[in-house]
Structure formats: structure tokens, C-alpha cells
Amino acid sequence: MGAAQRHATTRDLRRGNRSVLLWSLYFDGPLSRQELGARTGLSGTTVSTVTAELLAEGLVVEAGAVDSDGGRPRILLRVAPDRHRVIGVDVGETRVRVELYDLAMNERARVDHPLESGRHDVGPVVERILAGLDEVIAAAAVDRADILGVGVAVSGVVERAGAGEGGALVHGQTFDWHAVPLGRLLREGTATHPGTDLPLHIENGATTLGQAEMWFGAGRGADHAVIALIGSGVGAAVVANGSFYHGATSSAGEWGHTVLQVGGRRCRCGARGCLEAYVGAEGILDRYHQARRGRPAPGADEESALAALIAGAEGSAAARRILDETAVYLGAGIANLVNLFNPRRIILGGWAGLLLGARLLPQIRAAVAGQALRHPYERTSIELCRLGPDAVALGAATLPVERFLAAGGTV
């Protein structure tokens with residue numbers, strides 16, 4: 001082995017040790033050096049050497065002490081929450097939400113920019129993302145050098161292979177986005193929006209919701225899970241053996257476009273009978289208005305309209321029937337997830353998923369039980385997302401954190 005190879009091997013080993021310790025401190029800290037050694041399997045000398053480096057760089061800080069058995073108190077360590085910042089962007093159905101966090105994922109600034117209902121033209125979406133980045137950076141009064149990166153969550157398929165320097169191509173069939181080079185378009189705004197020279201990470205919104213729940217919410221401790229996102233549209237993130245399953249071209253998880261009824265309702269994607277056309281907020285409201293032979297109120301947003309439908313179900317037979325049907329449809333869709341993936345947990349999230357789940361979860365579970373295979377169903381729990389409707393942006397912000405931890409704290 002030549003000198004260059006030995007140097008590379010030593011460097012990689014050092015980075016790997018730093019990464020292992022940072023991951024452990026981030027998720028399980030504060031921990032003592034002794035606890036770090038026991039959890040990571042690294043020697044006491046390695047732990048002492050690497051933590052000394054991390055402390056000197058300000059990436060790790062002391063967090064108190066605990067008494068030891070007859071010896072000196074053990075100093076606790078944790079990842080420094082204020083050393084860096086991260087930004088998460090949720091390109092939703094009705095708005096672009098931009099949130100800035102510290103490394104402990106405490107929100108430090110937020111801005112929402114509305115989108116015209118049913119319109120997701122690429123130019124206005126990009127401009128709202130760029131404006132939002134400027135605004136949260138200014139509101140939090142942070143130095144851009146301290147920002148690790150920006151995670152952007154979008155609907156549709158995020159393709160990286162063949163994307164070139166643009167970083168990602170987004171295929172959003174329901175928005176009429178075809179191979180949109182979102183990364184490149186954001187980079188082109190650097191001249192007028194300085195925040196866009198930050199590292200960008202673009203991912204499907206169901207996956208970012210999934211990562212947030214797996215890291216901090218209802219998915220913690222589960223190696224096999226499905227996180228379902230229900231808003232106006234419907235998607236899912238599949239976790240197998242602790243890793244997200246993306247498929248051959250990163251389009252796995254398009255659960256909303258599995259067929260619930262052959263030749264059924266027209267879906268936004270152009271096909272008929274998709275699950276999304278029955279359990280997505282747009283589909284639910286459309287079925288409700290058809291049942292009442294009415295039309296939606298002018299200017300009413302979907303979130304308010306769905307909340308009103310649910311709240312009014314006690315006094316409206318039509319609303320009750322639509323919700324009862326939705327529980328059955330959603331149960332059928334979840335039963336398919338149980339039978340296909342045999343997960344330990346299914347987590348229902350997204351703003352519409354949380355609204356529906358708060359009222360219908362017992363009915364949904366009963367519908368799943370009636371349609372899934374008994375053996376896998378009995379070993380699956382069906383739960384609600386614990387992180388609320390903002391979890392997509394939170395999950396997007398974890399993308400630069402993940403890269404930071406994997407790289408051993410190098411930026």
C-alpha cells in the first residue's frame with residue numbers, strides 16, 4: 001500500500017469514527033464517554049481522542065455531569081445545537097413553507113407563501129422558495145456560513161440518475177411537471193438570492209415526512225414501517241430493514257396511484273380508480289359536493305373545507321356517509337400495504353391524514369382488519385403521525401443533517 005492509500009485509509013477511518021460518535025450523540029445524547037464506548041464499540045482511547053477533536057471544533061459541547069460509582073463524576077456530551085442551522089422547504093398543494101432550525105431541530109424562523117389553488121407553474125414555485133430562503137435567513141439573523149444546507153420536499157418522483165449538475169429532476173404528473181431541473185433552477189437564482197448558493201437536497205415529500213417520523217416520531221425503533229402522507233394528494237414512504245426503499249428509478253411509494261377501483265373516479269394523474277381519487281382531500285371534497293349536488297364555496301381552501309366537513313358530520317347524513325366510505329377506502333389501501341410489505345408500523349400523516357385519523361382511526365383499523373391477511377395484520381400497529389402537519393418541512397431539514405452526520409461533521 002502506497003503512502004497516498006495509507007493516508008486515505010487513515011482519513012476514512014477518522015471520518016468514520018467521528019460519524020459513529022456524532023450519530024450516537026445526536027440521537028441518544030447526552031452521553032458520557034464511557035457510554036459512548038459501550039454503545040459504539042469504539043475503544044476508550046478512540047472515544048477520548050475523537051471527542052476531544054469534536055469539542056475543540058465546537059461540534060460537541062458538555063451537557064452536565066452524572067455521578068459514577070465511587071469515582072469522579074462523568075461528563076455528559078451532546079451535539080452542539082447552535083453550531084449550525086438547517087432549512088426545510090415543503091412545496092405543498094396550497095403553499096410553499098420554509099422553516100429554519102437549529103441542530104436540535106428547534107424552529108427558529110418560518111414563512112409561508114401561498115400558491116394559487118390548482119396551479120403549480122414551476123417559475124412561481126421557484127420564486128417562492130427563493131424568497132422564503134431570504135426571509136428566514138434574515139429573520140433568524142444567521143450567517144449563511146453556519147447553514148449546513150437546504151432540504152426541499154416536493155410531490156412526485158425525484159430522479160437523480162442522469163440529472164447532471166442540476167442535482168435532481170422532478171416528475172410531478174399531477175402538477176404537469178416533467179423532468180423539471182429544480183436544483184438547477186434554484187441555483188440560477190443565486191445572483192439575486194444569495195441564500196441559494198447553499199447545498200441543496202431535493203426529495204419526495206412522503207419520504208421527508210417518513211424520515212422525520214423515523215428519527216423523532218412514531219417510527220422510532222421500527223425497522224419495517226410505512227409512513228402514509230395524505231393531503232390533497234396521497235403518497236407513502238416504505239422503510240425496509242431500517243432504510244427507505246426507493247425502487248429502480250426512485251418512484252417507489254406512489255401509493256396514491258395504486259388502483260382501488262378499475263374504471264372508477266378520474267384521478268388528477270389522468271388514470272381512473274386511483275386511491276388518491278377516493279381518500280385524498282380533493283377527492284373526498286369532490287365526492288361530498290357530488291353527494292350534495294353542490295359546488296365548493298368560492299375561495300374556500302381545502303384544509304378549512306375538510307375540517308368543516310368533519311366537524312359537521314354529526315348533523316349531516318351526507319358528510320357522515322362520505323367519511324364512513326373514506327374509512328373503508330383508506331382501510332382497503334392500508335390493507336394492501338400490510339399484505340405487500342408486512343410492516344411493523346403504519347403511520348398516518350399529512351394534514352388531511354391527521355384530520356381524518358383524529359375522527360376515523362378506529363373505523364380505519366376495523367376496515368384494515370377486515371381486508372388484510374390476518375397474520376401480518378396482527379403484527380402491525382396503525383398509528384398517527386406524532387409530529388403534526390409541519391413534519392414534511394421538518395423532514396426536509398433533516399436531509400442536510402443526515403449528510404453532516406454521515407460525513408463526521410465536515411461541511
# chains A, B, ... in the order shown; residues from 1 in each chain; ligands from 1
$ closest_atom_pairs --of "region 121-186 of chain A" --to "region 379-398 of chain A" --cutoff "9 Å" --atoms "only C-alpha atoms" --output "JSON lines"
{"residue": "A:Gly149", "atom": "CA", "partner": "A:Ala397", "partner_atom": "CA", "distance": 8.1}
{"residue": "A:Val150", "atom": "CA", "partner": "A:Ala397", "partner_atom": "CA", "distance": 6.5}
{"residue": "A:Gly151", "atom": "CA", "partner": "A:Ala396", "partner_atom": "CA", "distance": 4.5}
{"residue": "A:Val152", "atom": "CA", "partner": "A:Ala396", "partner_atom": "CA", "distance": 5.7}
{"residue": "A:Ala153", "atom": "CA", "partner": "A:Ala396", "partner_atom": "CA", "distance": 5.7}
$ residues_around --residues "region 262-275 of chain A" --least-positions-apart "5" --cutoff "6 Å" --atoms "only C-alpha atoms" --output "list in words"
Gln173, Thr174, Gly256 and His257 of chain A
$ residues_around --residues "region 100-105 of chain A" --least-positions-apart "5" --cutoff "10 Å" --atoms "only C-alpha atoms" --output "PyMOL selection string"
chain A and resi 26-27+79-89+110-111+133+135-137+139-140+142+147-148+150+216+393-395+397-398+401
$ write_last_selection --atoms "N, CA and C atoms" --output "mmCIF file, in the first residue's frame"
data_model
loop_
_atom_site.group_PDB
_atom_site.id
_atom_site.type_symbol
_atom_site.label_atom_id
_atom_site.label_comp_id
_atom_site.auth_asym_id
_atom_site.auth_seq_id
_atom_site.Cartn_x
_atom_site.Cartn_y
_atom_site.Cartn_z
ATOM 1 N N TYR A 26 -26.193 12.415 18.648
ATOM 2 C CA TYR A 26 -27.338 13.147 18.105
ATOM 3 C C TYR A 26 -28.658 12.500 18.514
ATOM 4 N N PHE A 27 -28.714 11.177 18.436
ATOM 5 C CA PHE A 27 -29.987 10.505 18.697
ATOM 6 C C PHE A 27 -30.159 10.054 20.142
ATOM 7 N N VAL A 79 -24.366 16.861 20.897
ATOM 8 C CA VAL A 79 -24.110 17.663 19.707
ATOM 9 C C VAL A 79 -24.525 19.099 19.995
ATOM 10 N N ALA A 80 -23.679 20.045 19.626
ATOM 11 C CA ALA A 80 -23.950 21.460 19.897
ATOM 12 C C ALA A 80 -25.128 21.931 19.058
ATOM 13 N N PRO A 81 -26.241 22.304 19.683
ATOM 14 C CA PRO A 81 -27.429 22.668 18.899
ATOM 15 C C PRO A 81 -27.272 23.966 18.117
ATOM 16 N N ASP A 82 -26.433 24.863 18.605
ATOM 17 C CA ASP A 82 -26.319 26.183 17.987
ATOM 18 C C ASP A 82 -25.133 26.314 17.045
ATOM 19 N N ARG A 83 -24.406 25.228 16.822
ATOM 20 C CA ARG A 83 -23.223 25.328 15.961
ATOM 21 C C ARG A 83 -23.603 25.551 14.507
ATOM 22 N N HIS A 84 -24.694 24.960 14.059
ATOM 23 C CA HIS A 84 -25.134 25.091 12.669
ATOM 24 C C HIS A 84 -26.642 25.267 12.620
ATOM 25 N N ARG A 85 -27.118 25.665 11.436
ATOM 26 C CA ARG A 85 -28.548 25.766 11.152
ATOM 27 C C ARG A 85 -28.852 24.961 9.888
ATOM 28 N N VAL A 86 -30.108 24.567 9.746
ATOM 29 C CA VAL A 86 -30.569 23.882 8.543
ATOM 30 C C VAL A 86 -31.924 24.462 8.152
ATOM 31 N N ILE A 87 -32.290 24.300 6.875
ATOM 32 C CA ILE A 87 -33.554 24.831 6.373
ATOM 33 C C ILE A 87 -34.335 23.701 5.687
ATOM 34 N N GLY A 88 -35.636 23.653 5.964
ATOM 35 C CA GLY A 88 -36.519 22.705 5.303
ATOM 36 C C GLY A 88 -37.597 23.431 4.527
ATOM 37 N N VAL A 89 -37.869 22.963 3.308
ATOM 38 C CA VAL A 89 -38.874 23.573 2.431
ATOM 39 C C VAL A 89 -39.908 22.515 2.070
ATOM 40 N N ARG A 110 -39.859 30.938 10.283
ATOM 41 C CA ARG A 110 -40.774 30.276 9.340
ATOM 42 C C ARG A 110 -41.449 31.321 8.473
ATOM 43 N N VAL A 111 -41.747 30.921 7.236
ATOM 44 C CA VAL A 111 -42.538 31.775 6.360
ATOM 45 C C VAL A 111 -43.361 30.880 5.444
ATOM 46 N N LEU A 133 -36.305 31.498 1.426
ATOM 47 C CA LEU A 133 -34.955 31.323 1.957
ATOM 48 C C LEU A 133 -34.388 32.654 2.448
ATOM 49 N N GLU A 135 -36.000 35.220 3.442
ATOM 50 C CA GLU A 135 -36.753 35.736 4.580
ATOM 51 C C GLU A 135 -36.396 35.031 5.887
ATOM 52 N N VAL A 136 -36.274 33.696 5.855
ATOM 53 C CA VAL A 136 -35.975 33.008 7.121
ATOM 54 C C VAL A 136 -34.538 33.258 7.552
ATOM 55 N N ILE A 137 -33.621 33.388 6.599
ATOM 56 C CA ILE A 137 -32.233 33.696 6.958
ATOM 57 C C ILE A 137 -32.166 35.074 7.612
ATOM 58 N N ALA A 139 -34.719 36.683 9.095
ATOM 59 C CA ALA A 139 -35.483 36.690 10.346
ATOM 60 C C ALA A 139 -34.706 36.053 11.490
ATOM 61 N N ALA A 140 -33.943 35.008 11.188
ATOM 62 C CA ALA A 140 -33.168 34.325 12.221
ATOM 63 C C ALA A 140 -31.823 34.999 12.472
ATOM 64 N N VAL A 142 -28.925 34.802 10.946
ATOM 65 C CA VAL A 142 -27.822 33.838 10.963
ATOM 66 C C VAL A 142 -26.871 34.111 9.808
ATOM 67 N N ILE A 147 -25.035 27.710 7.930
ATOM 68 C CA ILE A 147 -26.160 26.895 7.464
ATOM 69 C C ILE A 147 -25.620 25.685 6.697
ATOM 70 N N LEU A 148 -25.968 24.498 7.172
ATOM 71 C CA LEU A 148 -25.469 23.270 6.548
ATOM 72 C C LEU A 148 -26.053 23.049 5.161
ATOM 73 N N VAL A 150 -30.030 23.144 2.593
ATOM 74 C CA VAL A 150 -31.472 23.310 2.427
ATOM 75 C C VAL A 150 -32.059 22.004 1.895
ATOM 76 N N PHE A 216 -37.694 11.094 14.846
ATOM 77 C CA PHE A 216 -38.167 11.778 16.049
ATOM 78 C C PHE A 216 -39.580 11.400 16.482
ATOM 79 N N ALA A 393 -41.762 19.581 6.203
ATOM 80 C CA ALA A 393 -40.662 20.554 6.208
ATOM 81 C C ALA A 393 -39.584 20.153 7.205
ATOM 82 N N LEU A 394 -39.984 19.662 8.369
ATOM 83 C CA LEU A 394 -39.022 19.196 9.355
ATOM 84 C C LEU A 394 -38.167 18.077 8.772
ATOM 85 N N GLY A 395 -38.825 17.125 8.108
ATOM 86 C CA GLY A 395 -38.076 16.028 7.492
ATOM 87 C C GLY A 395 -37.141 16.507 6.402
ATOM 88 N N ALA A 397 -35.601 19.292 6.403
ATOM 89 C CA ALA A 397 -34.455 19.885 7.084
ATOM 90 C C ALA A 397 -33.497 18.835 7.623
ATOM 91 N N THR A 398 -33.967 17.596 7.812
ATOM 92 C CA THR A 398 -33.052 16.550 8.278
ATOM 93 C C THR A 398 -32.112 16.070 7.183
ATOM 94 N N VAL A 401 -28.791 17.506 7.695
ATOM 95 C CA VAL A 401 -28.276 16.967 8.955
ATOM 96 C C VAL A 401 -27.736 15.559 8.732
#
$ residues_around --residues "Val50 (chain A)" --least-positions-apart "5" --cutoff "9 Å" --atoms "only C-alpha atoms" --output "list in words"
Arg14, Asn17, Arg18, Leu21, Thr45 and Leu55 of chain A
$ residues_around --residues "Trp177 (chain A)" --least-positions-apart "4" --cutoff "9 Å" --atoms "only C-alpha atoms" --output "PDB file with all heavy atoms, in the first residue's frame"
ATOM      1  N   HIS A 120     -49.367  24.998 -10.148  1.00  0.00           N
ATOM      2  CA  HIS A 120     -48.016  24.759  -9.663  1.00  0.00           C
ATOM      3  C   HIS A 120     -47.024  25.021 -10.786  1.00  0.00           C
ATOM      4  O   HIS A 120     -46.118  24.222 -11.037  1.00  0.00           O
ATOM      5  CB  HIS A 120     -47.880  23.327  -9.139  1.00  0.00           C
ATOM      6  CG  HIS A 120     -48.452  23.129  -7.771  1.00  0.00           C
ATOM      7  ND1 HIS A 120     -49.801  23.105  -7.536  1.00  0.00           N
ATOM      8  CD2 HIS A 120     -47.859  22.978  -6.562  1.00  0.00           C
ATOM      9  CE1 HIS A 120     -50.019  22.923  -6.244  1.00  0.00           C
ATOM     10  NE2 HIS A 120     -48.854  22.855  -5.630  1.00  0.00           N
ATOM     11  N   ASP A 121     -47.183  26.149 -11.475  1.00  0.00           N
ATOM     12  CA  ASP A 121     -46.222  26.501 -12.507  1.00  0.00           C
ATOM     13  C   ASP A 121     -44.844  26.602 -11.873  1.00  0.00           C
ATOM     14  O   ASP A 121     -44.677  27.152 -10.766  1.00  0.00           O
ATOM     15  CB  ASP A 121     -46.603  27.837 -13.154  1.00  0.00           C
ATOM     16  CG  ASP A 121     -47.935  27.753 -13.892  1.00  0.00           C
ATOM     17  OD1 ASP A 121     -48.334  26.627 -14.249  1.00  0.00           O
ATOM     18  OD2 ASP A 121     -48.581  28.798 -14.087  1.00  0.00           O
ATOM     19  N   VAL A 122     -43.849  26.097 -12.572  1.00  0.00           N
ATOM     20  CA  VAL A 122     -42.519  25.962 -11.984  1.00  0.00           C
ATOM     21  C   VAL A 122     -41.945  27.316 -11.579  1.00  0.00           C
ATOM     22  O   VAL A 122     -41.392  27.466 -10.474  1.00  0.00           O
ATOM     23  CB  VAL A 122     -41.572  25.249 -12.972  1.00  0.00           C
ATOM     24  CG1 VAL A 122     -40.159  25.201 -12.396  1.00  0.00           C
ATOM     25  CG2 VAL A 122     -42.079  23.844 -13.273  1.00  0.00           C
ATOM     26  N   GLY A 156     -44.222  14.034  -6.140  1.00  0.00           N
ATOM     27  CA  GLY A 156     -43.776  13.389  -7.372  1.00  0.00           C
ATOM     28  C   GLY A 156     -42.465  12.645  -7.202  1.00  0.00           C
ATOM     29  O   GLY A 156     -41.934  12.483  -6.103  1.00  0.00           O
ATOM     30  N   VAL A 170     -37.434  16.533 -11.248  1.00  0.00           N
ATOM     31  CA  VAL A 170     -38.691  16.226 -10.573  1.00  0.00           C
ATOM     32  C   VAL A 170     -39.755  15.914 -11.617  1.00  0.00           C
ATOM     33  O   VAL A 170     -39.991  16.694 -12.544  1.00  0.00           O
ATOM     34  CB  VAL A 170     -39.149  17.404  -9.692  1.00  0.00           C
ATOM     35  CG1 VAL A 170     -40.457  17.054  -8.983  1.00  0.00           C
ATOM     36  CG2 VAL A 170     -38.064  17.757  -8.668  1.00  0.00           C
ATOM     37  N   HIS A 171     -40.406  14.749 -11.430  1.00  0.00           N
ATOM     38  CA  HIS A 171     -41.506  14.336 -12.305  1.00  0.00           C
ATOM     39  C   HIS A 171     -42.779  14.359 -11.465  1.00  0.00           C
ATOM     40  O   HIS A 171     -43.012  13.466 -10.651  1.00  0.00           O
ATOM     41  CB  HIS A 171     -41.266  12.929 -12.849  1.00  0.00           C
ATOM     42  CG  HIS A 171     -39.958  12.763 -13.570  1.00  0.00           C
ATOM     43  ND1 HIS A 171     -39.832  12.917 -14.929  1.00  0.00           N
ATOM     44  CD2 HIS A 171     -38.711  12.475 -13.106  1.00  0.00           C
ATOM     45  CE1 HIS A 171     -38.567  12.713 -15.288  1.00  0.00           C
ATOM     46  NE2 HIS A 171     -37.875  12.450 -14.196  1.00  0.00           N
ATOM     47  N   GLY A 172     -43.581  15.400 -11.626  1.00  0.00           N
ATOM     48  CA  GLY A 172     -44.830  15.523 -10.875  1.00  0.00           C
ATOM     49  C   GLY A 172     -46.004  15.511 -11.834  1.00  0.00           C
ATOM     50  O   GLY A 172     -46.429  16.572 -12.311  1.00  0.00           O
ATOM     51  N   GLN A 173     -46.517  14.339 -12.107  1.00  0.00           N
ATOM     52  CA  GLN A 173     -47.535  14.194 -13.154  1.00  0.00           C
ATOM     53  C   GLN A 173     -48.803  14.974 -12.832  1.00  0.00           C
ATOM     54  O   GLN A 173     -49.421  15.569 -13.719  1.00  0.00           O
ATOM     55  CB  GLN A 173     -47.857  12.708 -13.334  1.00  0.00           C
ATOM     56  CG  GLN A 173     -48.673  12.403 -14.578  1.00  0.00           C
ATOM     57  CD  GLN A 173     -48.624  10.919 -14.919  1.00  0.00           C
ATOM     58  OE1 GLN A 173     -47.578  10.289 -14.870  1.00  0.00           O
ATOM     59  NE2 GLN A 173     -49.772  10.360 -15.262  1.00  0.00           N
TER      60      GLN A 173
END
$ closest_residue --among "A:Val61, A:Val20, A:Ala56, A:Leu13" --to "Leu405 (chain A)" --atoms "only C-alpha atoms"
A:Val20
$ select_by_dssp --residues "region 119-231 of chain A" --states "helix (DSSP H, G or I)" --output "PyMOL selection string"
chain A and resi 122-140+144-146+164-166+173-175+182-187+194-197+205-216
$ atom_distance --atom1 "CA of Val328 (chain A)" --atom2 "CA of Ala369 (chain A)"
10.7 Å
$ residues_around --residues "Tyr245 (chain A)" --least-positions-apart "5" --cutoff "12 Å" --atoms "only C-alpha atoms" --output "count of residues only"
20
$ residues_around --residues "Val368 (chain A)" --least-positions-apart "5" --cutoff "9 Å" --atoms "only C-alpha atoms" --output "PyMOL selection string"
chain A and resi 328+330-336+338+363+377
$ decode --residues "region 15-36 of chain A" --atoms "N, CA, C and O atoms" --output "short mmCIF file (atom, residue, chain, number, x, y, z; two decimals), in the first residue's frame"
data_model
loop_
_atom_site.label_atom_id
_atom_site.label_comp_id
_atom_site.auth_asym_id
_atom_site.auth_seq_id
_atom_site.Cartn_x
_atom_site.Cartn_y
_atom_site.Cartn_z
N ARG A 15 -12.81 9.76 9.80
CA ARG A 15 -14.13 10.28 9.49
C ARG A 15 -15.21 9.29 9.96
O ARG A 15 -16.24 9.71 10.50
N GLY A 16 -14.97 8.01 9.77
CA GLY A 16 -15.94 7.01 10.20
C GLY A 16 -16.14 7.02 11.70
O GLY A 16 -17.28 6.92 12.18
N ASN A 17 -15.06 7.16 12.46
CA ASN A 17 -15.18 7.20 13.92
C ASN A 17 -15.93 8.45 14.37
O ASN A 17 -16.77 8.39 15.28
N ARG A 18 -15.63 9.57 13.73
CA ARG A 18 -16.35 10.80 14.06
C ARG A 18 -17.84 10.65 13.76
O ARG A 18 -18.70 11.07 14.54
N SER A 19 -18.15 10.03 12.63
CA SER A 19 -19.53 9.85 12.24
C SER A 19 -20.27 8.97 13.23
O SER A 19 -21.39 9.29 13.67
N VAL A 20 -19.67 7.86 13.62
CA VAL A 20 -20.31 6.94 14.57
C VAL A 20 -20.63 7.65 15.88
O VAL A 20 -21.73 7.51 16.44
N LEU A 21 -19.67 8.43 16.38
CA LEU A 21 -19.89 9.12 17.65
C LEU A 21 -20.94 10.22 17.52
O LEU A 21 -21.78 10.41 18.42
N LEU A 22 -20.91 10.97 16.41
CA LEU A 22 -21.90 12.02 16.22
C LEU A 22 -23.31 11.45 16.09
O LEU A 22 -24.27 12.00 16.65
N TRP A 23 -23.48 10.36 15.35
CA TRP A 23 -24.80 9.72 15.23
C TRP A 23 -25.31 9.33 16.62
O TRP A 23 -26.48 9.56 16.96
N SER A 24 -24.44 8.71 17.42
CA SER A 24 -24.86 8.25 18.74
C SER A 24 -25.24 9.43 19.64
O SER A 24 -26.27 9.40 20.33
N LEU A 25 -24.44 10.49 19.62
CA LEU A 25 -24.74 11.65 20.44
C LEU A 25 -26.00 12.37 19.96
O LEU A 25 -26.78 12.88 20.77
N TYR A 26 -26.19 12.42 18.65
CA TYR A 26 -27.34 13.15 18.10
C TYR A 26 -28.66 12.50 18.51
O TYR A 26 -29.61 13.19 18.90
N PHE A 27 -28.71 11.18 18.44
CA PHE A 27 -29.99 10.50 18.70
C PHE A 27 -30.16 10.05 20.14
O PHE A 27 -31.29 9.90 20.61
N ASP A 28 -29.06 9.82 20.85
CA ASP A 28 -29.17 9.25 22.20
C ASP A 28 -28.54 10.13 23.27
O ASP A 28 -28.60 9.78 24.45
N GLY A 29 -27.92 11.24 22.88
CA GLY A 29 -27.25 12.10 23.85
C GLY A 29 -28.24 12.83 24.74
O GLY A 29 -29.45 12.88 24.46
N PRO A 30 -27.73 13.42 25.84
CA PRO A 30 -26.31 13.45 26.20
C PRO A 30 -25.82 12.11 26.77
O PRO A 30 -26.58 11.41 27.44
N LEU A 31 -24.55 11.81 26.47
CA LEU A 31 -23.94 10.57 26.90
C LEU A 31 -22.53 10.86 27.43
O LEU A 31 -21.87 11.81 26.99
N SER A 32 -22.09 10.02 28.34
CA SER A 32 -20.70 10.11 28.82
C SER A 32 -19.78 9.40 27.83
O SER A 32 -20.23 8.63 26.97
N ARG A 33 -18.50 9.62 27.96
CA ARG A 33 -17.53 8.94 27.10
C ARG A 33 -17.61 7.43 27.31
O ARG A 33 -17.47 6.65 26.35
N GLN A 34 -17.82 7.01 28.55
CA GLN A 34 -17.94 5.57 28.82
C GLN A 34 -19.16 4.99 28.11
O GLN A 34 -19.11 3.89 27.54
N GLU A 35 -20.28 5.71 28.16
CA GLU A 35 -21.49 5.24 27.48
C GLU A 35 -21.29 5.21 25.97
O GLU A 35 -21.77 4.30 25.28
N LEU A 36 -20.58 6.20 25.45
CA LEU A 36 -20.30 6.21 24.01
C LEU A 36 -19.50 4.98 23.60
O LEU A 36 -19.76 4.37 22.57
#
